[in-house]
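Note: the block below is coords.json and it holds JSON, C-alpha atoms.
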```
[["chain", "number", "residue", "atom", "x", "y", "z"],
["A", 1, "MET", "CA", 11.31, -14.64, 7.95],
["A", 2, "THR", "CA", 7.73, -14.62, 9.11],
["A", 3, "THR", "CA", 6.64, -12.79, 12.18],
["A", 4, "ALA", "CA", 3.69, -14.84, 13.25],
["A", 5, "PRO", "CA", 2.23, -13.74, 16.58],
["A", 6, "LEU", "CA", 4.67, -14.46, 19.36],
["A", 7, "GLN", "CA", 3.99, -17.26, 21.74],
["A", 8, "THR", "CA", 2.38, -15.82, 24.82],
["A", 9, "ASP", "CA", 5.43, -16.07, 27.06],
["A", 10, "LEU", "CA", 7.60, -14.39, 24.44],
["A", 11, "ARG", "CA", 4.98, -11.69, 23.91],
["A", 12, "THR", "CA", 4.95, -11.12, 27.65],
["A", 13, "GLN", "CA", 8.74, -10.86, 27.71],
["A", 14, "ALA", "CA", 8.67, -8.40, 24.82],
["A", 15, "GLU", "CA", 6.00, -6.31, 26.51],
["A", 16, "ASN", "CA", 7.96, -6.34, 29.75],
["A", 17, "ALA", "CA", 10.95, -4.98, 27.85],
["A", 18, "LEU", "CA", 8.75, -2.25, 26.31],
["A", 19, "ALA", "CA", 7.36, -1.42, 29.76],
["A", 20, "ASP", "CA", 10.89, -1.14, 31.18],
["A", 21, "LEU", "CA", 11.61, 1.67, 28.72],
["A", 22, "PHE", "CA", 8.35, 3.36, 29.66],
["A", 23, "VAL", "CA", 9.40, 3.24, 33.32],
["A", 24, "ALA", "CA", 12.98, 4.38, 32.68],
["A", 25, "MET", "CA", 12.04, 7.32, 30.47],
["A", 26, "PRO", "CA", 9.13, 9.37, 31.88],
["A", 27, "LEU", "CA", 8.59, 11.26, 28.60],
["A", 28, "VAL", "CA", 8.16, 8.06, 26.61],
["A", 29, "THR", "CA", 4.40, 7.66, 26.13],
["A", 30, "GLY", "CA", 4.19, 4.32, 24.39],
["A", 31, "SER", "CA", 5.77, 1.77, 22.07],
["A", 32, "VAL", "CA", 4.75, -0.93, 19.64],
["A", 33, "LEU", "CA", 6.70, -3.76, 18.07],
["A", 34, "ALA", "CA", 5.15, -4.26, 14.61],
["A", 35, "SER", "CA", 5.75, -6.81, 11.87],
["A", 36, "THR", "CA", 6.91, -5.22, 8.62],
["A", 37, "ASP", "CA", 3.53, -6.11, 7.12],
["A", 38, "GLY", "CA", 1.71, -4.07, 9.73],
["A", 39, "HIS", "CA", 0.58, -6.39, 12.51],
["A", 40, "VAL", "CA", 1.05, -5.88, 16.24],
["A", 41, "ILE", "CA", 3.63, -8.27, 17.72],
["A", 42, "ALA", "CA", 3.82, -6.66, 21.16],
["A", 43, "ALA", "CA", 2.71, -3.30, 22.49],
["A", 44, "ASP", "CA", 2.85, -0.90, 25.40],
["A", 45, "LEU", "CA", 0.14, 1.49, 24.22],
["A", 46, "ASP", "CA", -3.60, 1.88, 24.65],
["A", 47, "GLU", "CA", -5.43, -0.98, 23.03],
["A", 48, "LYS", "CA", -7.29, 1.08, 20.42],
["A", 49, "ARG", "CA", -4.15, 2.78, 19.10],
["A", 50, "GLN", "CA", -2.08, -0.39, 18.71],
["A", 51, "LYS", "CA", -3.34, -1.68, 15.34],
["A", 52, "PRO", "CA", -3.36, 1.63, 13.44],
["A", 53, "THR", "CA", 0.08, 2.41, 14.83],
["A", 54, "ALA", "CA", 1.49, -0.94, 13.66],
["A", 55, "ALA", "CA", 0.09, -0.41, 10.16],
["A", 56, "MET", "CA", 1.46, 3.13, 9.90],
["A", 57, "VAL", "CA", 4.86, 1.97, 11.11],
["A", 58, "ALA", "CA", 4.96, -0.71, 8.41],
["A", 59, "SER", "CA", 4.10, 1.81, 5.66],
["A", 60, "ALA", "CA", 6.53, 4.44, 6.89],
["A", 61, "PHE", "CA", 9.30, 1.92, 7.43],
["A", 62, "ALA", "CA", 8.87, 0.49, 3.92],
["A", 63, "LEU", "CA", 8.91, 3.97, 2.39],
["A", 64, "GLY", "CA", 11.93, 4.83, 4.54],
["A", 65, "GLY", "CA", 13.66, 1.78, 3.11],
["A", 66, "ARG", "CA", 13.00, 3.05, -0.41],
["A", 67, "LEU", "CA", 14.34, 6.47, 0.56],
["A", 68, "ALA", "CA", 17.48, 4.78, 1.90],
["A", 69, "GLU", "CA", 17.99, 3.35, -1.59],
["A", 70, "LEU", "CA", 18.63, 6.90, -2.76],
["A", 71, "ASN", "CA", 21.89, 6.55, -0.84],
["A", 72, "GLY", "CA", 22.53, 3.08, -2.19],
["A", 73, "SER", "CA", 21.46, 1.28, 0.99],
["A", 74, "ASP", "CA", 19.30, -1.80, 0.97],
["A", 75, "GLY", "CA", 16.85, -0.66, 3.63],
["A", 76, "ALA", "CA", 16.35, 1.69, 6.55],
["A", 77, "ASP", "CA", 17.76, 1.13, 10.03],
["A", 78, "GLU", "CA", 15.75, 3.89, 11.64],
["A", 79, "LEU", "CA", 13.41, 6.81, 11.01],
["A", 80, "THR", "CA", 12.84, 9.82, 13.21],
["A", 81, "VAL", "CA", 9.79, 12.08, 13.02],
["A", 82, "ARG", "CA", 10.29, 15.28, 14.96],
["A", 83, "SER", "CA", 7.25, 17.48, 15.49],
["A", 84, "ALA", "CA", 5.99, 20.28, 17.73],
["A", 85, "LYS", "CA", 4.85, 17.84, 20.42],
["A", 86, "GLY", "CA", 7.60, 15.27, 20.35],
["A", 87, "PHE", "CA", 9.30, 12.42, 18.59],
["A", 88, "VAL", "CA", 8.34, 9.24, 16.82],
["A", 89, "LEU", "CA", 11.30, 6.87, 16.53],
["A", 90, "ILE", "CA", 11.11, 3.81, 14.28],
["A", 91, "LEU", "CA", 13.91, 1.25, 14.49],
["A", 92, "ALA", "CA", 14.43, -1.95, 12.54],
["A", 93, "VAL", "CA", 14.26, -5.11, 14.66],
["A", 94, "GLY", "CA", 15.83, -7.91, 12.67],
["A", 95, "THR", "CA", 14.52, -8.08, 9.11],
["A", 96, "GLY", "CA", 10.82, -8.70, 9.76],
["A", 97, "ALA", "CA", 9.84, -6.19, 12.42],
["A", 98, "ALA", "CA", 10.15, -2.57, 13.50],
["A", 99, "LEU", "CA", 9.87, -0.89, 16.88],
["A", 100, "VAL", "CA", 8.14, 2.47, 17.23],
["A", 101, "ILE", "CA", 8.67, 4.63, 20.29],
["A", 102, "LEU", "CA", 6.54, 7.68, 21.03],
["A", 103, "ALA", "CA", 8.12, 10.38, 23.20],
["A", 104, "GLN", "CA", 7.16, 13.90, 24.20],
["A", 105, "SER", "CA", 9.38, 16.84, 23.33],
["A", 106, "GLY", "CA", 11.89, 17.52, 26.06],
["A", 107, "VAL", "CA", 12.88, 13.87, 26.25],
["A", 108, "ASN", "CA", 16.62, 13.22, 26.57],
["A", 109, "LEU", "CA", 17.12, 12.10, 22.98],
["A", 110, "GLY", "CA", 20.65, 10.82, 23.52],
["A", 111, "LEU", "CA", 19.60, 8.60, 26.40],
["A", 112, "LEU", "CA", 16.49, 7.51, 24.52],
["A", 113, "ASN", "CA", 18.58, 6.49, 21.51],
["A", 114, "LEU", "CA", 20.89, 4.48, 23.74],
["A", 115, "LYS", "CA", 18.05, 2.71, 25.53],
["A", 116, "ALA", "CA", 16.16, 2.18, 22.26],
["A", 117, "ARG", "CA", 19.15, 0.33, 20.77],
["A", 118, "GLN", "CA", 19.42, -1.86, 23.86],
["A", 119, "LEU", "CA", 15.71, -2.58, 23.56],
["A", 120, "VAL", "CA", 16.09, -3.44, 19.86],
["A", 121, "GLN", "CA", 18.81, -5.94, 20.81],
["A", 122, "THR", "CA", 16.56, -7.57, 23.42],
["A", 123, "LEU", "CA", 13.61, -7.73, 21.03],
["A", 124, "SER", "CA", 15.68, -9.14, 18.14],
["A", 125, "GLU", "CA", 16.85, -11.95, 20.39],
["A", 126, "LEU", "CA", 13.27, -12.72, 21.43],
["A", 127, "LEU", "CA", 12.12, -12.67, 17.79],
["A", 128, "SER", "CA", 14.99, -14.81, 16.57],
["A", 129, "VAL", "CA", 13.65, -17.65, 18.71],
["A", 130, "GLN", "CA", 10.58, -17.54, 16.46],
["A", 131, "GLU", "CA", 12.35, -17.30, 13.15],
["A", 132, "VAL", "CA", 11.56, -20.03, 10.70],
["A", 133, "PRO", "CA", 14.64, -20.65, 8.53],
["A", 134, "GLY", "CA", 14.05, -20.30, 4.82],
["A", 135, "VAL", "CA", 10.59, -18.73, 5.10],
["B", 1, "MET", "CA", 4.83, 20.10, -30.70],
["B", 2, "ASN", "CA", 1.88, 18.18, -29.30],
["B", 3, "PRO", "CA", 0.59, 19.10, -25.86],
["B", 4, "HIS", "CA", 1.69, 16.88, -22.99],
["B", 5, "PHE", "CA", -0.41, 15.85, -20.03],
["B", 6, "ASP", "CA", 0.49, 14.22, -16.74],
["B", 7, "PHE", "CA", -2.22, 12.21, -15.04],
["B", 8, "LYS", "CA", -2.31, 10.51, -11.67],
["B", 9, "ILE", "CA", -4.05, 7.15, -11.64],
["B", 10, "VAL", "CA", -4.65, 5.16, -8.46],
["B", 11, "VAL", "CA", -4.86, 1.39, -8.77],
["B", 12, "ALA", "CA", -6.96, 0.05, -5.89],
["B", 13, "GLY", "CA", -8.54, -3.26, -4.96],
["B", 14, "PRO", "CA", -8.65, -5.86, -2.17],
["B", 15, "PHE", "CA", -5.66, -7.80, -0.81],
["B", 16, "ALA", "CA", -4.22, -10.11, -3.49],
["B", 17, "ALA", "CA", -6.40, -8.72, -6.30],
["B", 18, "GLY", "CA", -3.33, -8.24, -8.53],
["B", 19, "LYS", "CA", -2.57, -4.51, -8.15],
["B", 20, "THR", "CA", 1.20, -4.85, -7.99],
["B", 21, "THR", "CA", 1.21, -7.39, -10.84],
["B", 22, "MET", "CA", -0.86, -5.06, -12.99],
["B", 23, "ILE", "CA", 1.35, -2.02, -12.40],
["B", 24, "ALA", "CA", 4.50, -4.08, -12.98],
["B", 25, "ALA", "CA", 3.04, -5.51, -16.20],
["B", 26, "SER", "CA", 1.97, -2.14, -17.60],
["B", 27, "ALA", "CA", 4.62, 0.33, -16.43],
["B", 28, "ASP", "CA", 7.48, 1.36, -18.70],
["B", 29, "GLY", "CA", 10.28, 0.80, -16.22],
["B", 30, "PRO", "CA", 10.96, -0.70, -12.81],
["B", 31, "LEU", "CA", 8.55, 0.18, -10.00],
["B", 32, "VAL", "CA", 9.11, 1.96, -6.77],
["B", 33, "GLY", "CA", 7.52, -0.54, -4.43],
["B", 34, "THR", "CA", 7.07, -1.26, -0.72],
["B", 35, "GLU", "CA", 6.65, -5.01, -0.43],
["B", 36, "ALA", "CA", 6.92, -6.73, 2.93],
["B", 37, "PRO", "CA", 6.70, -10.44, 3.78],
["B", 38, "THR", "CA", 3.20, -11.48, 4.84],
["B", 39, "SER", "CA", 2.45, -13.06, 8.20],
["B", 40, "GLY", "CA", -0.47, -14.89, 9.77],
["B", 41, "GLY", "CA", -3.41, -15.84, 7.53],
["B", 42, "GLU", "CA", -2.22, -13.63, 4.67],
["B", 43, "ALA", "CA", 0.95, -15.72, 4.35],
["B", 44, "ALA", "CA", -1.22, -18.60, 3.15],
["B", 45, "VAL", "CA", -2.42, -16.48, 0.20],
["B", 46, "LYS", "CA", 0.89, -15.00, -0.95],
["B", 47, "ALA", "CA", 4.42, -14.36, 0.26],
["B", 48, "THR", "CA", 4.64, -10.57, 0.12],
["B", 49, "THR", "CA", 2.24, -7.64, 0.18],
["B", 50, "THR", "CA", 2.35, -3.91, -0.52],
["B", 51, "VAL", "CA", 2.43, -2.01, 2.77],
["B", 52, "GLY", "CA", 3.02, 1.55, 1.57],
["B", 53, "MET", "CA", 2.55, 2.31, -2.09],
["B", 54, "GLU", "CA", 3.84, 1.53, -5.56],
["B", 55, "TYR", "CA", 4.73, 3.92, -8.29],
["B", 56, "GLY", "CA", 5.37, 3.42, -11.98],
["B", 57, "THR", "CA", 4.79, 5.36, -15.18],
["B", 58, "LEU", "CA", 3.32, 4.57, -18.60],
["B", 59, "ALA", "CA", 3.87, 6.87, -21.57],
["B", 60, "VAL", "CA", 0.96, 7.13, -24.01],
["B", 61, "ALA", "CA", 0.90, 8.87, -27.39],
["B", 62, "SER", "CA", -1.75, 9.88, -29.93],
["B", 63, "ASP", "CA", -1.74, 12.00, -33.10],
["B", 64, "SER", "CA", -2.52, 15.16, -31.17],
["B", 65, "PHE", "CA", -1.06, 14.81, -27.66],
["B", 66, "SER", "CA", 1.18, 12.78, -25.40],
["B", 67, "VAL", "CA", 0.35, 11.63, -21.89],
["B", 68, "GLU", "CA", 2.29, 10.23, -18.99],
["B", 69, "LEU", "CA", 0.19, 8.05, -16.72],
["B", 70, "ASN", "CA", 1.57, 8.09, -13.19],
["B", 71, "LEU", "CA", 0.40, 4.83, -11.67],
["B", 72, "TYR", "CA", 0.03, 4.60, -7.90],
["B", 73, "GLY", "CA", -0.80, 1.32, -6.19],
["B", 74, "VAL", "CA", -2.14, 1.23, -2.64],
["B", 75, "PRO", "CA", -2.29, -1.60, -0.09],
["B", 76, "GLY", "CA", -5.55, -3.56, -0.19],
["B", 77, "GLN", "CA", -6.00, -4.30, 3.50],
["B", 78, "GLU", "CA", -8.35, -2.14, 5.55],
["B", 79, "ARG", "CA", -5.61, -1.58, 8.16],
["B", 80, "PHE", "CA", -3.75, 0.47, 5.55],
["B", 81, "SER", "CA", -6.76, 2.63, 4.62],
["B", 82, "PHE", "CA", -4.86, 5.74, 5.78],
["B", 83, "MET", "CA", -2.62, 5.18, 2.73],
["B", 84, "TRP", "CA", -5.73, 5.34, 0.50],
["B", 85, "ASP", "CA", -6.34, 8.88, 1.78],
["B", 86, "ILE", "CA", -2.70, 9.89, 1.38],
["B", 87, "VAL", "CA", -2.20, 8.43, -2.10],
["B", 88, "GLY", "CA", -5.68, 9.45, -3.29],
["B", 89, "VAL", "CA", -4.93, 13.18, -3.04],
["B", 90, "GLY", "CA", -5.00, 14.76, -6.50],
["B", 91, "MET", "CA", -5.88, 11.61, -8.45],
["B", 92, "ASP", "CA", -7.28, 12.05, -11.96],
["B", 93, "GLY", "CA", -8.65, 8.55, -12.36],
["B", 94, "LEU", "CA", -9.29, 5.41, -10.33],
["B", 95, "PHE", "CA", -8.71, 1.88, -11.58],
["B", 96, "LEU", "CA", -10.52, -0.55, -9.29],
["B", 97, "LEU", "CA", -9.41, -4.17, -9.53],
["B", 98, "VAL", "CA", -11.80, -7.04, -8.86],
["B", 99, "ASP", "CA", -10.80, -10.71, -8.80],
["B", 100, "ALA", "CA", -13.28, -12.73, -10.90],
["B", 101, "ASP", "CA", -12.46, -15.93, -9.03],
["B", 102, "ARG", "CA", -12.86, -14.62, -5.47],
["B", 103, "PRO", "CA", -16.44, -13.29, -5.16],
["B", 104, "GLU", "CA", -15.95, -13.17, -1.38],
["B", 105, "THR", "CA", -13.69, -10.14, -1.95],
["B", 106, "TRP", "CA", -16.16, -8.20, -4.11],
["B", 107, "ALA", "CA", -17.75, -6.48, -1.11],
["B", 108, "THR", "CA", -14.31, -5.15, -0.18],
["B", 109, "SER", "CA", -13.91, -3.78, -3.71],
["B", 110, "ALA", "CA", -17.22, -1.98, -3.27],
["B", 111, "THR", "CA", -16.05, -0.57, 0.07],
["B", 112, "MET", "CA", -12.85, 0.74, -1.53],
["B", 113, "ALA", "CA", -14.82, 2.28, -4.41],
["B", 114, "ALA", "CA", -16.97, 4.12, -1.88],
["B", 115, "HIS", "CA", -13.91, 5.25, 0.08],
["B", 116, "PHE", "CA", -12.21, 6.71, -3.01],
["B", 117, "GLY", "CA", -15.51, 8.04, -4.35],
["B", 118, "ALA", "CA", -15.84, 10.10, -1.17],
["B", 119, "LEU", "CA", -12.35, 11.53, -1.73],
["B", 120, "SER", "CA", -12.91, 12.61, -5.30],
["B", 121, "SER", "CA", -15.38, 12.22, -8.16],
["B", 122, "THR", "CA", -12.79, 11.13, -10.71],
["B", 123, "PRO", "CA", -13.61, 8.72, -13.56],
["B", 124, "VAL", "CA", -13.50, 5.04, -12.58],
["B", 125, "VAL", "CA", -12.84, 1.86, -14.52],
["B", 126, "VAL", "CA", -13.64, -1.40, -12.75],
["B", 127, "GLY", "CA", -11.29, -4.05, -14.14],
["B", 128, "VAL", "CA", -12.26, -7.67, -13.54],
["B", 129, "ASN", "CA", -9.11, -9.79, -13.49],
["B", 130, "ARG", "CA", -9.25, -13.29, -15.01],
["B", 131, "ALA", "CA", -12.45, -12.37, -16.90],
["B", 132, "SER", "CA", -11.21, -11.47, -20.40],
["B", 133, "THR", "CA", -13.24, -14.32, -21.86],
["B", 134, "ARG", "CA", -16.05, -14.31, -19.29],
["B", 135, "PRO", "CA", -18.40, -11.35, -19.96],
["B", 136, "GLU", "CA", -21.00, -12.95, -17.69],
["B", 137, "VAL", "CA", -18.68, -12.51, -14.68],
["B", 138, "VAL", "CA", -18.15, -8.87, -15.62],
["B", 139, "GLU", "CA", -21.93, -8.48, -15.57],
["B", 140, "GLN", "CA", -22.10, -10.07, -12.11],
["B", 141, "VAL", "CA", -19.44, -7.65, -10.88],
["B", 142, "ARG", "CA", -21.38, -4.73, -12.38],
["B", 143, "HIS", "CA", -24.21, -5.59, -10.01],
["B", 144, "ALA", "CA", -22.10, -6.64, -7.01],
["B", 145, "VAL", "CA", -19.73, -3.66, -7.16],
["B", 146, "PRO", "CA", -21.89, -0.77, -8.38],
["B", 147, "VAL", "CA", -19.86, 2.39, -9.05],
["B", 148, "PRO", "CA", -21.79, 5.32, -10.54],
["B", 149, "GLY", "CA", -20.52, 6.25, -13.99],
["B", 150, "ALA", "CA", -17.85, 3.54, -14.04],
["B", 151, "ARG", "CA", -16.91, 1.38, -16.99],
["B", 152, "TYR", "CA", -16.51, -2.37, -16.49],
["B", 153, "ILE", "CA", -14.04, -4.51, -18.38],
["B", 154, "GLY", "CA", -12.73, -8.04, -18.16],
["B", 155, "PHE", "CA", -8.99, -8.54, -18.61],
["B", 156, "GLU", "CA", -5.86, -10.34, -17.40],
["B", 157, "VAL", "CA", -3.49, -8.38, -15.15],
["B", 158, "ILE", "CA", -0.50, -10.55, -15.99],
["B", 159, "ASP", "CA", -0.73, -9.76, -19.71],
["B", 160, "PRO", "CA", 1.15, -6.48, -20.34],
["B", 161, "GLN", "CA", -0.88, -5.67, -23.46],
["B", 162, "ASP", "CA", -4.15, -6.35, -21.65],
["B", 163, "ALA", "CA", -3.08, -4.37, -18.59],
["B", 164, "ARG", "CA", -2.06, -1.40, -20.74],
["B", 165, "ASN", "CA", -5.29, -1.52, -22.75],
["B", 166, "ALA", "CA", -7.23, -1.51, -19.49],
["B", 167, "LEU", "CA", -5.40, 1.65, -18.42],
["B", 168, "LEU", "CA", -6.01, 3.20, -21.86],
["B", 169, "GLU", "CA", -9.72, 2.53, -21.34],
["B", 170, "LEU", "CA", -9.50, 4.61, -18.15],
["B", 171, "LEU", "CA", -7.56, 7.32, -19.99],
["B", 172, "LEU", "CA", -10.25, 7.53, -22.68],
["B", 173, "HIS", "CA", -12.90, 7.71, -19.96],
["B", 174, "MET", "CA", -10.97, 10.57, -18.33],
["B", 175, "LEU", "CA", -10.54, 12.45, -21.63],
["B", 176, "GLU", "CA", -14.25, 12.12, -22.38],
["B", 177, "GLN", "CA", -15.15, 13.59, -19.02],
["B", 178, "MET", "CA", -12.70, 16.45, -19.57],
["B", 179, "ASN", "CA", -14.22, 17.21, -22.97],
["B", 180, "ASP", "CA", -17.72, 16.21, -21.91],
["B", 181, "GLU", "CA", -18.09, 14.33, -25.19],
["B", 182, "PRO", "CA", -17.30, 10.85, -26.46],
["B", 183, "ALA", "CA", -13.68, 10.31, -27.43],
["B", 184, "ALA", "CA", -14.60, 7.48, -29.77],
["B", 185, "GLN", "CA", -12.50, 8.96, -32.54],
["B", 186, "THR", "CA", -9.50, 9.42, -30.29],
["B", 187, "SER", "CA", -6.93, 6.75, -30.91],
["B", 188, "VAL", "CA", -4.30, 6.29, -28.23],
["B", 189, "GLN", "CA", -1.53, 3.80, -27.90],
["B", 190, "VAL", "CA", 1.34, 3.16, -25.56],
["B", 191, "ALA", "CA", 4.35, 5.14, -26.66],
["B", 192, "THR", "CA", 6.85, 2.33, -26.24],
["B", 193, "PRO", "CA", 5.18, -1.03, -26.86]]
```

Would you mind writing the file's structure down as structure tokens?
Amino acid sequence: MTTAPLQTDLRTQAENALADLFVAMPLVTGSVLASTDGHVIAADLDEKRQKPTAAMVASAFALGGRLAELNGSDGADELTVRSAKGFVLILAVGTGAALVILAQSGVNLGLLNLKARQLVQTLSELLSVQEVPGV
Amino acid sequence: MNPHFDFKIVVAGPFAAGKTTMIAASADGPLVGTEAPTSGGEAAVKATTTVGMEYGTLAVASDSFSVELNLYGVPGQERFSFMWDIVGVGMDGLFLLVDADRPETWATSATMAAHFGALSSTPVVVGVNRASTRPEVVEQVRHAVPVPGARYIGFEVIDPQDARNALLELLLHMLEQMNDEPAAQTSVQVATP
């Protein structure tokens, strides 16, 4: 599928969904929905960090997919980067996009994982409206 | 037993220059790749693009030594320039691809050469794709994409023999710099043609 830029109303809906997570989880500091080739589809993050974040997510997600092949899987469903200051979660959204969520350490990881999966579901449905069959 | 060397070669160049094709054509086995479907304007140029890196190997033998070339491809788009820095660590040679038929991308090739040149002063070969029979285009590229100390060759990335010979040219360039003398007498060939 291609992930051409979302129509404005769909982008707004996606960004509303990202903002809902931001509101629900105080230690979440931002999120970006990126195409697997590294473009911003929707974002809840400062403007200047959006593009580099989307590109890094695409690279990491592609490498994660190759790592998953070590286990015989076809691609990655999610990646987690845990560091001194927090977490970076990357989750597949359909086949052409990935969601990255930035959270500070101390975040309730169980709740975040639950809400992240709900968000992925919402975003996949929004993206599927845009899918072009056979492309 | 002959000494064995392992070298890291980075294959760089603008979007759609032919980096993945070249590595696939020259490597001994299947690649580790990170292709993703293109979107937006890039989708009009080609269907998929490298977003992380590629990796493949090419075994090379001579009378006196054997070499494994570890080939690393990087994404061509500026938005992935952080991968240039990551993959460029520890490289022994840089192969810079230029597309003879898209002069509008030559400035980007020059930018990439400067980026990698700032990382490391390794030997460079500038390979001009689709120019094996057009030395005049290679000369134009020599002026448009000036890289100090680099060698310039015209070749075809899709031809495995051509692609391997281009990499052997870089290997010879690297060996000369190591020995600080011409390696004209050194004869190298791919171990498994």

> Which neighbours of A:Pro52 fall inside 12 Å, counting all atoms listed in the file, when residues of the same chain fewer than 3 positions from it are skipped, and could you give them as a ChimeraX atom specification?
Replying inline: /A:32,34,38-40,43,45-49,55-59 /B:77-83

Proximity of chain B to chain A: per-residue shortest pair, 7 Å limit, only C-alpha atoms, as a Markdown table:
```
| residue | atom | partner | partner_atom | distance |
| --- | --- | --- | --- | --- |
| B:Thr34 | CA | A:Ala62 | CA | 5.3 |
| B:Ala36 | CA | A:Asp37 | CA | 5.4 |
| B:Pro37 | CA | A:Asp37 | CA | 6.3 |
| B:Thr38 | CA | A:Asp37 | CA | 5.8 |
| B:Ser39 | CA | A:Ala4 | CA | 5.5 |
| B:Gly40 | CA | A:Ala4 | CA | 5.4 |
| B:Val51 | CA | A:Ser59 | CA | 5.1 |
| B:Gly52 | CA | A:Ser59 | CA | 4.2 |
| B:Arg79 | CA | A:Ala55 | CA | 6.2 |
| B:Phe80 | CA | A:Ala55 | CA | 6.1 |
```

> Between atom CA of B:Gln189 and atom CA of B:Ser62, what is the spacing in Å?
Replying inline: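 About the pair atom CA of B:Ser62 and atom CA of B:Gln189: they are 6.4 Å apart.
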
>> Please list as a list of chain:residue names every residue within 8 Å of B:Gly13, counting only C-alpha atoms and excluding residues in the same chain fewer than 3 positions away.
In response: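 Once the nearby chain positions are removed, what remains is B:Ala17, B:Lys19, B:Gly76, B:Leu96, B:Leu97, B:Val98, B:Thr108, B:Ser109, B:Met112.
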
>> Neighbouring residues of B:Gly88 were defined as those with any atom within 9 Å, considering all atoms listed in the file; residues of the same chain fewer than 4 positions away were excluded. Please report them as a count of residues only.
In response: 10

> Counting only C-alpha atoms, which of B:Ile158, B:Val126, B:Ala191, B:Val32 gets nearest to B:His173?
Replying inline: B:Val126

> Any idea what's packed within 10 Å of A:Leu18, counting only C-alpha atoms, ignoring anything in its chain fewer than 2 positions away? Could you give it as number ranges by chain?
Replying inline: A: 12-16, 20-23, 30-33, 42-45, 99, 101, 116, 119-120, 122-123

> Separation of atom CA of A:Ala92 and atom CA of A:Glu69, in Å?
Replying inline: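 Atom CA of A:Ala92 sits 15.5 Å away from atom CA of A:Glu69.
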
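We find atom CA of B:Val60 and atom CA of B:Asp180 to be spaced 20.9 Å apart.
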
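Of the residues under consideration (B:Ile153, B:Ala47, B:Ile86, B:Val190), B:Ile153 shows the shortest atom-to-atom contact distance to B:Ser132 when counting all atoms listed in the file.
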
> Pick the closest to B:Thr49 from B:Pro30, B:Pro123, B:Pro3, B:Pro14: which is it, counting all atoms listed in the file?
Replying inline: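 For B:Thr49, the nearest of the candidates is B:Pro14.
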
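Residues surrounding B:Val137 within 9 Å are Ala100, Val128, Ala131, Arg142 and Gly154 of chain B [only C-alpha atoms; sequence separation below 5 positions excluded].
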
> Out of B:Arg164, B:Arg134, B:His115, B:His4, which residue has the shortest atom-to-atom distance to B:Ser26 when counting only C-alpha atoms?
Replying inline: B:Arg164

>> List as number ranges by chain the residues having at least one atom at most 9 Å from position (11.2, 11.3, 22.9) as given in the file, counting all atoms listed in the file.
In response: A: 25, 27-29, 82, 86-89, 101-109, 112-113

>> When you count all atoms listed in the file, which of these residues is closest to A:Val93: A:Leu114, A:Ala17, A:Val81, A:Leu127?
In response: A:Leu127

Find the axis-aligned box for stretch 152-159 of chain B, covering all its listed atoms and adding 8 Å on each side, and write its centre and edge lengths in Å to one decimal as lines of an AutoDock Vina configuration file.
```
center_x = -8.5
center_y = -6.5
center_z = -17.4
size_x = 32.0
size_y = 24.2
size_z = 20.6
```
